[in-house]
>>> print(open('my_file_12.txt').read())   # compact mmCIF, C-alpha atoms
# COMPACT_ATOMS: atom_id res chain seq x y z
CA MET A 1 0.00 0.00 0.00
CA VAL A 2 1.30 3.44 -0.94
CA LEU A 3 0.50 6.05 1.69
CA LYS A 4 -0.44 9.53 0.67
CA ALA A 5 2.24 12.23 0.98
CA ALA A 6 1.45 15.92 0.76
CA ARG A 7 2.70 17.80 -2.27
CA ARG A 8 3.43 20.86 -0.15
CA GLY A 9 6.73 19.29 0.83
CA LEU A 10 7.86 19.11 -2.80
CA VAL A 11 9.67 22.43 -2.72
CA PRO A 12 13.24 22.85 -3.99
CA PRO A 13 16.05 22.33 -1.48
CA PHE A 14 17.67 25.28 0.27
CA MET A 15 21.01 24.93 -1.53
CA ALA A 16 23.02 26.94 1.01
CA MET A 17 22.03 24.41 3.66
CA ASP A 18 22.85 21.52 1.31
CA VAL A 19 26.31 23.01 0.75
CA MET A 20 26.69 23.37 4.51
CA ARG A 21 25.84 19.67 4.92
CA GLU A 22 28.31 18.63 2.21
CA SER A 23 30.98 20.82 3.81
CA ALA A 24 30.38 19.11 7.16
CA LEU A 25 30.91 15.71 5.55
CA LEU A 26 34.21 16.86 4.07
CA GLU A 27 35.28 18.25 7.44
CA ALA A 28 34.39 14.93 9.08
CA SER A 29 36.78 13.24 6.65
CA GLY A 30 39.59 15.55 7.74
CA ARG A 31 39.35 18.37 5.18
CA ASN A 32 39.69 22.01 6.21
CA ILE A 33 36.83 24.07 4.72
CA ILE A 34 36.48 27.85 4.59
CA HIS A 35 32.77 28.63 5.03
CA LEU A 36 31.49 31.37 2.74
CA GLU A 37 28.18 29.63 2.06
CA VAL A 38 25.85 30.57 4.91
CA GLY A 39 24.80 33.93 6.29
CA GLN A 40 25.78 33.24 9.87
CA PRO A 41 27.87 35.56 12.02
CA SER A 42 31.00 33.84 13.32
CA THR A 43 30.63 35.82 16.54
CA GLY A 44 28.42 34.66 19.39
CA MET A 45 25.89 36.51 21.50
CA PRO A 46 27.43 39.60 23.14
CA ARG A 47 28.78 39.14 26.65
CA LYS A 48 26.20 41.30 28.46
CA ALA A 49 23.39 39.34 26.83
CA VAL A 50 25.01 36.05 27.84
CA ALA A 51 25.14 37.29 31.43
CA ARG A 52 21.43 38.10 31.29
CA VAL A 53 20.68 34.60 30.00
CA LYS A 54 22.66 33.06 32.85
CA GLU A 55 20.73 35.18 35.32
CA SER A 56 17.43 34.00 33.84
CA LEU A 57 18.58 30.39 34.12
CA ASP A 58 19.47 30.88 37.78
CA ASN A 59 16.09 32.43 38.48
CA GLY A 60 14.33 29.49 36.86
CA ALA A 61 11.41 31.53 35.50
CA LEU A 62 11.50 29.98 32.03
CA GLY A 63 8.00 28.71 31.42
CA TYR A 64 5.77 29.70 28.52
CA THR A 65 5.42 33.38 27.75
CA LEU A 66 2.56 34.99 25.88
CA ALA A 67 2.33 33.85 22.27
CA GLY A 68 3.86 37.15 21.17
CA GLY A 69 6.59 37.10 23.77
CA LEU A 70 7.48 38.86 27.00
CA PRO A 71 5.92 42.33 27.32
CA ALA A 72 9.34 43.64 28.36
CA LEU A 73 10.79 42.44 25.06
CA GLY A 74 8.03 44.18 23.10
CA ASP A 75 8.70 47.38 25.03
CA ARG A 76 12.43 47.16 24.31
CA ILE A 77 11.92 46.56 20.59
CA ALA A 78 9.51 49.50 20.43
CA LYS A 79 12.20 51.67 22.04
CA HIS A 80 14.63 50.40 19.39
CA TYR A 81 12.39 51.77 16.62
CA LEU A 82 12.20 55.15 18.32
CA ASP A 83 15.95 55.32 19.03
CA THR A 84 17.11 54.00 15.66
CA TYR A 85 14.57 55.33 13.17
CA GLY A 86 12.64 57.99 15.06
CA VAL A 87 9.51 55.91 14.46
CA GLU A 88 6.90 55.34 17.17
CA VAL A 89 5.65 51.76 17.10
CA PRO A 90 3.20 50.77 19.88
CA SER A 91 4.65 47.86 21.81
CA ASP A 92 1.38 45.93 21.39
CA ARG A 93 2.15 45.73 17.66
CA ILE A 94 5.48 43.97 18.35
CA PHE A 95 5.13 40.20 18.13
CA ALA A 96 8.12 38.00 19.02
CA THR A 97 8.59 34.86 16.91
CA THR A 98 10.72 31.74 16.83
CA GLY A 99 13.22 33.28 14.45
CA SER A 100 12.26 35.26 11.37
CA SER A 101 11.36 31.96 9.70
CA ALA A 102 8.37 31.55 12.00
CA GLY A 103 7.66 35.23 11.40
CA PHE A 104 7.35 34.64 7.66
CA ILE A 105 5.06 31.66 8.20
CA LEU A 106 2.77 33.71 10.44
CA ALA A 107 2.88 36.71 8.11
CA PHE A 108 2.03 34.66 5.03
CA LEU A 109 -0.68 32.64 6.78
CA GLY A 110 -2.27 35.75 8.24
CA ALA A 111 -2.12 37.91 5.12
CA PHE A 112 -2.77 35.56 2.20
CA GLU A 113 -5.22 32.89 1.12
CA ALA A 114 -4.31 29.83 -0.94
CA GLY A 115 -4.35 30.90 -4.58
CA ASP A 116 -3.24 34.48 -3.88
CA ARG A 117 -0.30 35.93 -5.79
CA VAL A 118 2.69 37.50 -4.07
CA ALA A 119 5.38 39.37 -6.02
CA LEU A 120 9.04 39.28 -5.06
CA ALA A 121 12.35 40.11 -6.66
CA SER A 122 14.52 37.46 -8.25
CA PRO A 123 17.28 37.00 -7.17
CA GLY A 124 15.91 36.75 -3.65
CA TYR A 125 15.91 34.69 -0.48
CA PRO A 126 14.69 31.22 -1.56
CA ALA A 127 12.61 30.53 1.56
CA TYR A 128 10.17 33.27 0.53
CA ARG A 129 8.94 31.31 -2.48
CA HIS A 130 9.37 27.92 -0.84
CA ILE A 131 7.16 28.87 2.13
CA LEU A 132 4.61 30.55 -0.13
CA LYS A 133 4.37 27.47 -2.37
CA SER A 134 3.99 25.15 0.61
CA LEU A 135 1.02 27.29 1.73
CA GLY A 136 -0.62 27.23 -1.70
CA VAL A 137 0.25 30.86 -2.42
CA SER A 138 1.76 31.63 -5.84
CA PRO A 139 5.07 33.52 -5.86
CA GLU A 140 5.35 35.85 -8.85
CA LEU A 141 9.02 36.46 -9.57
CA ILE A 142 10.15 39.88 -10.75
CA SER A 143 13.38 39.54 -12.74
CA ALA A 144 15.33 42.42 -11.23
CA ASP A 145 18.76 43.44 -12.47
CA ALA A 146 21.50 46.00 -11.95
CA SER A 147 19.38 48.80 -13.44
CA THR A 148 17.19 48.76 -10.30
CA ARG A 149 19.89 47.52 -7.88
CA TYR A 150 18.27 44.07 -8.12
CA GLN A 151 15.24 45.46 -6.28
CA PRO A 152 11.54 45.59 -7.28
CA THR A 153 10.07 48.95 -8.27
CA VAL A 154 6.64 50.49 -8.80
CA ASP A 155 7.22 50.15 -12.55
CA HIS A 156 7.80 46.41 -12.09
CA LEU A 157 4.45 46.11 -10.32
CA LYS A 158 2.69 48.11 -12.99
CA GLY A 159 4.20 45.83 -15.62
CA LEU A 160 2.68 42.64 -14.17
CA SER A 161 -0.33 41.09 -15.90
CA SER A 162 -2.40 42.19 -12.90
CA LEU A 163 -1.56 43.62 -9.51
CA PRO A 164 -0.55 41.02 -6.91
CA ASP A 165 -2.08 40.46 -3.50
CA GLY A 166 1.26 41.01 -1.81
CA LEU A 167 4.82 42.22 -2.29
CA ILE A 168 7.90 40.99 -0.41
CA ILE A 169 10.93 43.24 -0.27
CA GLY A 170 14.27 42.76 1.46
CA SER A 171 16.47 45.77 2.08
CA PRO A 172 19.33 45.03 2.61
CA ALA A 173 18.61 42.03 0.41
CA ASN A 174 19.80 38.46 0.39
CA PRO A 175 21.76 37.50 -1.76
CA THR A 176 22.69 40.87 -3.27
CA GLY A 177 23.13 43.07 -0.21
CA SER A 178 21.46 45.93 -2.10
CA ILE A 179 19.40 48.60 -0.32
CA ILE A 180 16.33 50.34 -1.72
CA PRO A 181 16.85 54.13 -1.73
CA ALA A 182 14.55 55.86 0.75
CA ASP A 183 12.46 57.72 -1.85
CA GLU A 184 11.89 54.54 -3.87
CA PHE A 185 10.91 52.68 -0.69
CA ARG A 186 8.34 55.37 0.10
CA ASP A 187 6.96 55.10 -3.43
CA LEU A 188 6.61 51.32 -3.11
CA ALA A 189 4.87 51.55 0.26
CA ALA A 190 2.48 54.24 -1.00
CA PHE A 191 1.68 52.27 -4.17
CA CYS A 192 0.94 49.15 -2.12
CA ASP A 193 -1.37 51.08 0.23
CA GLN A 194 -3.19 52.72 -2.69
CA HIS A 195 -3.81 49.42 -4.51
CA GLY A 196 -4.53 47.03 -1.63
CA ILE A 197 -1.21 45.16 -1.89
CA ARG A 198 0.02 43.77 1.42
CA LEU A 199 3.66 44.80 1.85
CA ILE A 200 5.98 42.36 3.65
CA SER A 201 9.28 44.03 4.53
CA ASP A 202 12.19 41.74 5.43
CA GLU A 203 14.49 43.87 7.60
CA ILE A 204 16.65 41.18 9.16
CA TYR A 205 19.88 42.77 7.90
CA HIS A 206 19.14 46.20 9.32
CA GLY A 207 22.12 47.40 11.32
CA ILE A 208 24.59 45.96 8.80
CA SER A 209 25.20 48.56 6.10
CA TYR A 210 28.14 50.40 4.57
CA GLY A 211 27.30 54.05 4.08
CA MET A 212 23.74 53.73 2.78
CA GLU A 213 21.15 53.41 5.53
CA PRO A 214 18.04 51.24 5.05
CA THR A 215 14.49 52.45 5.64
CA THR A 216 11.97 50.66 7.85
CA ALA A 217 8.48 50.07 6.49
CA ALA A 218 7.22 50.55 10.05
CA GLY A 219 7.53 54.29 9.50
CA LEU A 220 5.81 54.29 6.10
CA SER A 221 2.68 52.16 6.37
CA ASP A 222 0.47 50.83 9.14
CA SER A 223 -0.67 48.03 6.82
CA ALA A 224 2.83 46.67 6.18
CA LEU A 225 4.13 43.58 7.94
CA VAL A 226 7.73 44.01 9.07
CA VAL A 227 9.88 40.94 9.72
CA ASN A 228 13.09 41.21 11.72
CA SER A 229 15.46 38.90 13.55
CA PHE A 230 18.04 38.71 16.29
CA SER A 231 20.19 36.42 14.12
CA LYS A 232 22.21 38.83 11.97
CA TYR A 233 23.16 42.20 13.47
CA PHE A 234 22.45 40.94 16.99
CA SER A 235 24.53 37.79 16.42
CA MET A 236 22.01 35.38 17.99
CA THR A 237 21.54 32.95 15.08
CA GLY A 238 21.11 29.73 17.04
CA TRP A 239 18.81 31.29 19.62
CA ARG A 240 15.94 31.34 17.12
CA LEU A 241 14.34 34.64 18.00
CA GLY A 242 12.78 37.22 15.72
CA TRP A 243 9.88 39.64 15.69
CA LEU A 244 7.10 41.09 13.60
CA VAL A 245 5.66 44.57 13.51
CA VAL A 246 2.02 43.60 13.01
CA PRO A 247 -0.66 45.74 11.32
CA PRO A 248 -3.66 46.43 13.59
CA ASP A 249 -6.00 44.39 11.37
CA LEU A 250 -3.86 41.25 11.73
CA LYS A 251 -2.96 41.39 15.43
CA ARG A 252 -5.57 38.94 16.71
CA SER A 253 -5.38 36.48 13.82
CA LEU A 254 -1.58 36.20 14.06
CA GLU A 255 -1.84 35.74 17.81
CA CYS A 256 -4.31 32.88 17.38
CA LEU A 257 -2.17 31.25 14.70
CA ALA A 258 0.94 31.52 16.86
CA GLN A 259 -0.83 30.05 19.88
CA SER A 260 -1.57 26.87 17.93
CA LEU A 261 1.53 26.64 15.75
CA PHE A 262 4.31 27.69 18.12
CA ILE A 263 2.80 28.31 21.61
CA ALA A 264 5.50 30.94 22.29
CA PRO A 265 9.05 31.85 21.31
CA PRO A 266 11.91 30.38 23.40
CA THR A 267 11.79 32.11 26.76
CA VAL A 268 15.51 32.02 27.53
CA SER A 269 16.22 33.61 24.12
CA GLN A 270 13.80 36.42 24.89
CA HIS A 271 15.73 37.33 28.03
CA GLY A 272 18.87 37.50 25.92
CA GLY A 273 17.04 39.59 23.35
CA ILE A 274 16.08 42.20 25.92
CA ALA A 275 19.70 42.58 27.00
CA VAL A 276 21.33 42.50 23.55
CA PHE A 277 20.07 45.99 22.72
CA GLU A 278 22.50 47.29 25.34
CA CYS A 279 25.47 45.73 23.51
CA ARG A 280 25.83 48.21 20.67
CA GLU A 281 29.58 48.69 21.10
CA GLU A 282 30.29 45.00 20.63
CA LEU A 283 27.74 44.63 17.83
CA ASP A 284 29.01 47.64 15.91
CA ALA A 285 32.53 46.21 16.17
CA ASN A 286 31.19 43.14 14.36
CA VAL A 287 29.86 45.38 11.58
CA ARG A 288 33.26 47.07 11.25
CA ARG A 289 34.79 43.62 10.74
CA TYR A 290 32.19 42.80 8.09
CA ALA A 291 33.17 46.05 6.37
CA GLU A 292 36.82 44.97 6.41
CA ASN A 293 35.86 41.58 5.00
CA ARG A 294 33.80 43.26 2.29
CA ASP A 295 36.77 45.44 1.36
CA ILE A 296 39.02 42.38 1.13
CA LEU A 297 36.67 40.56 -1.23
CA LEU A 298 35.85 43.61 -3.35
CA LYS A 299 39.59 44.09 -3.87
CA ARG A 300 40.73 40.48 -4.25
CA LEU A 301 37.88 38.83 -6.15
CA PRO A 302 38.27 40.96 -9.30
CA GLU A 303 41.93 39.89 -9.38
CA LEU A 304 40.64 36.30 -9.53
CA GLY A 305 38.20 36.92 -12.37
CA PHE A 306 35.10 37.77 -10.32
CA ASP A 307 34.58 41.35 -11.46
CA LYS A 308 30.81 41.86 -11.79
CA PHE A 309 28.89 42.28 -8.52
CA ALA A 310 25.53 43.43 -7.28
CA PRO A 311 25.87 46.57 -5.10
CA ALA A 312 26.87 45.24 -1.68
CA ASP A 313 25.26 48.09 0.29
CA GLY A 314 24.50 45.99 3.36
CA ALA A 315 24.21 42.48 4.85
CA PHE A 316 27.33 40.33 4.41
CA TYR A 317 27.08 38.98 0.88
CA ILE A 318 28.62 39.50 -2.52
CA TYR A 319 26.50 38.25 -5.41
CA ALA A 320 28.79 37.73 -8.38
CA ASP A 321 28.07 37.29 -12.07
CA ILE A 322 30.23 34.34 -13.19
CA SER A 323 28.85 34.02 -16.73
CA ALA A 324 32.33 34.65 -18.14
CA MET A 325 33.60 31.58 -16.29
CA THR A 326 30.74 29.09 -16.39
CA ASP A 327 27.14 28.45 -17.33
CA ASP A 328 26.77 25.91 -14.49
CA ALA A 329 27.08 27.60 -11.10
CA VAL A 330 26.18 24.40 -9.23
CA SER A 331 29.11 22.45 -10.69
CA PHE A 332 31.37 25.50 -10.36
CA CYS A 333 30.63 25.88 -6.64
CA LYS A 334 30.92 22.12 -6.08
CA SER A 335 34.35 22.11 -7.70
CA MET A 336 35.42 25.10 -5.60
CA LEU A 337 34.31 23.24 -2.48
CA HIS A 338 35.96 19.91 -3.26
CA ASP A 339 39.11 21.16 -4.99
CA ALA A 340 39.77 24.45 -3.17
CA GLY A 341 38.09 23.79 0.18
CA VAL A 342 35.99 26.96 -0.12
CA ALA A 343 32.22 26.62 0.39
CA THR A 344 29.99 29.06 -1.52
CA THR A 345 26.38 29.05 -2.73
CA PRO A 346 25.28 28.74 -6.38
CA GLY A 347 22.97 31.45 -7.65
CA LEU A 348 20.23 28.96 -8.55
CA ASP A 349 19.32 29.04 -4.86
CA PHE A 350 18.20 32.64 -5.32
CA ASP A 351 17.19 32.88 -8.98
CA PRO A 352 15.74 29.76 -10.66
CA GLU A 353 15.97 31.37 -14.12
CA ARG A 354 19.34 33.15 -14.27
CA GLY A 355 21.10 31.79 -11.21
CA HIS A 356 23.17 29.28 -13.18
CA GLN A 357 25.42 32.24 -14.02
CA PHE A 358 25.75 33.66 -10.50
CA MET A 359 27.12 32.71 -7.09
CA ARG A 360 27.06 34.15 -3.58
CA PHE A 361 29.97 34.71 -1.22
CA SER A 362 29.19 35.30 2.47
CA PHE A 363 31.72 37.44 4.34
CA ALA A 364 30.27 36.92 7.82
CA GLY A 365 33.37 35.04 9.00
CA SER A 366 36.80 36.24 10.05
CA SER A 367 39.07 38.45 7.97
CA ASP A 368 41.70 35.71 8.03
CA ASP A 369 39.14 33.39 6.42
CA MET A 370 38.52 35.93 3.64
CA GLU A 371 42.24 36.17 2.88
CA GLU A 372 42.70 32.41 2.99
CA ALA A 373 39.65 31.81 0.80
CA CYS A 374 41.03 34.17 -1.86
CA ALA A 375 44.44 32.49 -1.69
CA ARG A 376 42.85 29.08 -2.20
CA ILE A 377 40.64 30.29 -5.05
CA LYS A 378 43.73 31.75 -6.77
CA VAL A 379 45.44 28.36 -6.68
CA TRP A 380 42.26 26.62 -7.83
CA ARG A 381 41.73 29.08 -10.68
CA GLY A 382 45.26 28.23 -11.74
CA GLY A 383 44.17 24.63 -12.22
CA LEU A 384 45.54 23.17 -9.00
CA LYS A 385 43.82 21.46 -6.08
CA ILE A 386 44.35 22.47 -2.47
>>> encode(input="my_file_12.txt", output="structure tokens")
Amino acid sequence: MVLKAARRGLVPPFMAMDVMRESALLEASGRNIIHLEVGQPSTGMPRKAVARVKESLDNGALGYTLAGGLPALGDRIAKHYLDTYGVEVPSDRIFATTGSSAGFILAFLGAFEAGDRVALASPGYPAYRHILKSLGVSPELISADASTRYQPTVDHLKGLSSLPDGLIIGSPANPTGSIIPADEFRDLAAFCDQHGIRLISDEIYHGISYGMEPTTAAGLSDSALVVNSFSKYFSMTGWRLGWLVVPPDLKRSLECLAQSLFIAPPTVSQHGGIAVFECREELDANVRRYAENRDILLKRLPELGFDKFAPADGAFYIYADISAMTDDAVSFCKSMLHDAGVATTPGLDFDPERGHQFMRFSFAGSSDDMEEACARIKVWRGGLKI
């Protein structure tokens, strides 16, 4: 007897995670691998936040919280919006989640019905379309390029066969690192409000930028859903904590969904999240290191033949056009991993149509790793194995 299996699980793999798994197997066999494949800070949670977590463990008050998290965490995040952006966000619109991944699930479930259409830029974070497809929502890819900084625009939306039910934007974006200029962001938010398009703003790389500051949708539209995370700037990847800024019309429905799907975010992580906002000095030092890493790659990669990049305004990625070297990014990245010991991600993870000619480098690691990776790639490009 063949048992039924749901088709919703038939989404493409997350290639960056597959590369991470293959890298781990090589490391288990004794190989030394430089990890430029995943967007994970090599630094841990800041020291003051660790101390707060230890205190919460000693106190033992780590039962369930409200579905949307500790009120004190909501208050602290609301203060963050006022301090950082000058935007007043009521703390009752802050909803803590089990990482931004759970935030996207709640946002998509609360905002869209099966059969709805949601527009998003390609290249873009693959989990957007994978989650949407698993929920029966149709992702409509906008083929963005260098002319719009690989970001969607109002003109893109007007050029669709019909207006979508939703629009996802990431600024800074994954994999490109590009940031939407403030005036263009305002235009997008206004167009979405005027035409009943639910705007989902992925802001998980806010705090990591290099001269061009990102804009928060929380200050532009009360109907937008903002997704953020403690994983990137706040260096709490494994703690699985994120948050939403929830529109008033979705507050109760997202709360009810979260109660059944997740109960509550991890309590110990929430205590760390409250404290991590007081660790700016340590966190900003991380960003300065990312900037150094970015400078290393922007200087060294063109010397190795990688000379066409998306604008790396923020985050910790360089998205490179490798069409002059290969038409098969998957094989190219696999060879770089096995022969050079440098793990990277093929562009097909982010762009199913043009990604065979692109790849992504993550510079979230140490500066020594960036230098060593370039040295290894130089040898590999010369036809030798490491």
>>> atom_distance(input="my_file_12.txt", atom1="CA of Gly74 (chain A)", atom2="CA of Pro214 (chain A)")
21.8 Å
>>> residues_near_point(input="my_file_12.txt", point="(23.9, 39.9, -6.4)", cutoff="10 Å", atoms="all atoms listed in the file", output="PyMOL selection string")
chain A and resi 122-124+145-146+149-150+173-178+308-312+317-321+347+350+355+358-361
>>> atom_distance(input="my_file_12.txt", atom1="CA of Thr237 (chain A)", atom2="CA of Gln40 (chain A)")
6.7 Å
>>> residues_around(input="my_file_12.txt", residues="region 299-306 of chain A", least_positions_apart="6", cutoff="12 Å", atoms="all atoms listed in the file", output="ChimeraX atom specification")
/A:292-293,318-326,357-361,370-382
>>> atom_distance(input="my_file_12.txt", atom1="CA of Pro181 (chain A)", atom2="CA of Ala218 (chain A)")
15.6 Å
>>> residues_around(input="my_file_12.txt", residues="Arg93 (chain A)", least_positions_apart="3", cutoff="6 Å", atoms="all atoms listed in the file", output="mmCIF file with C-alpha atoms, keeping the file's coordinate frame")
data_model
loop_
_atom_site.group_PDB
_atom_site.id
_atom_site.type_symbol
_atom_site.label_atom_id
_atom_site.label_comp_id
_atom_site.auth_asym_id
_atom_site.auth_seq_id
_atom_site.Cartn_x
_atom_site.Cartn_y
_atom_site.Cartn_z
ATOM 1 C CA PRO A 90 3.200 50.770 19.880
ATOM 2 C CA VAL A 245 5.660 44.570 13.510
ATOM 3 C CA VAL A 246 2.020 43.600 13.010
#
>>> closest_residue(input="my_file_12.txt", among="A:Leu70, A:Ile180, A:Val287, A:Leu225", to="Pro266 (chain A)", atoms="all atoms listed in the file")
A:Leu70
>>> closest_residue(input="my_file_12.txt", among="A:Ala61, A:Leu120, A:Leu337, A:Ile204", to="Arg21 (chain A)", atoms="all atoms listed in the file")
A:Leu337
>>> closest_residue(input="my_file_12.txt", among="A:Leu348, A:Ala6, A:Ile208, A:Cys333", to="Ser134 (chain A)", atoms="all atoms listed in the file")
A:Ala6
>>> residues_around(input="my_file_12.txt", residues="Arg7 (chain A)", least_positions_apart="3", cutoff="12 Å", atoms="only C-alpha atoms", output="list in words")
Lys4, Leu10, Val11, Pro12, Lys133, Ser134, Leu135 and Gly136 of chain A
>>> residues_around(input="my_file_12.txt", residues="region 153-166 of chain A", least_positions_apart="3", cutoff="12 Å", atoms="all atoms listed in the file", output="ChimeraX atom specification")
/A:107-108,110-122,132,137-145,147-150,169,180-181,183-201,223-225
>>> closest_residue(input="my_file_12.txt", among="A:Pro13, A:Gly39, A:Gly60, A:Gly314", to="Ser171 (chain A)", atoms="all atoms listed in the file")
A:Gly314
>>> closest_residue(input="my_file_12.txt", among="A:Gln270, A:Ile131, A:Glu255, A:Gly170", to="Gly63 (chain A)", atoms="all atoms listed in the file")
A:Gln270
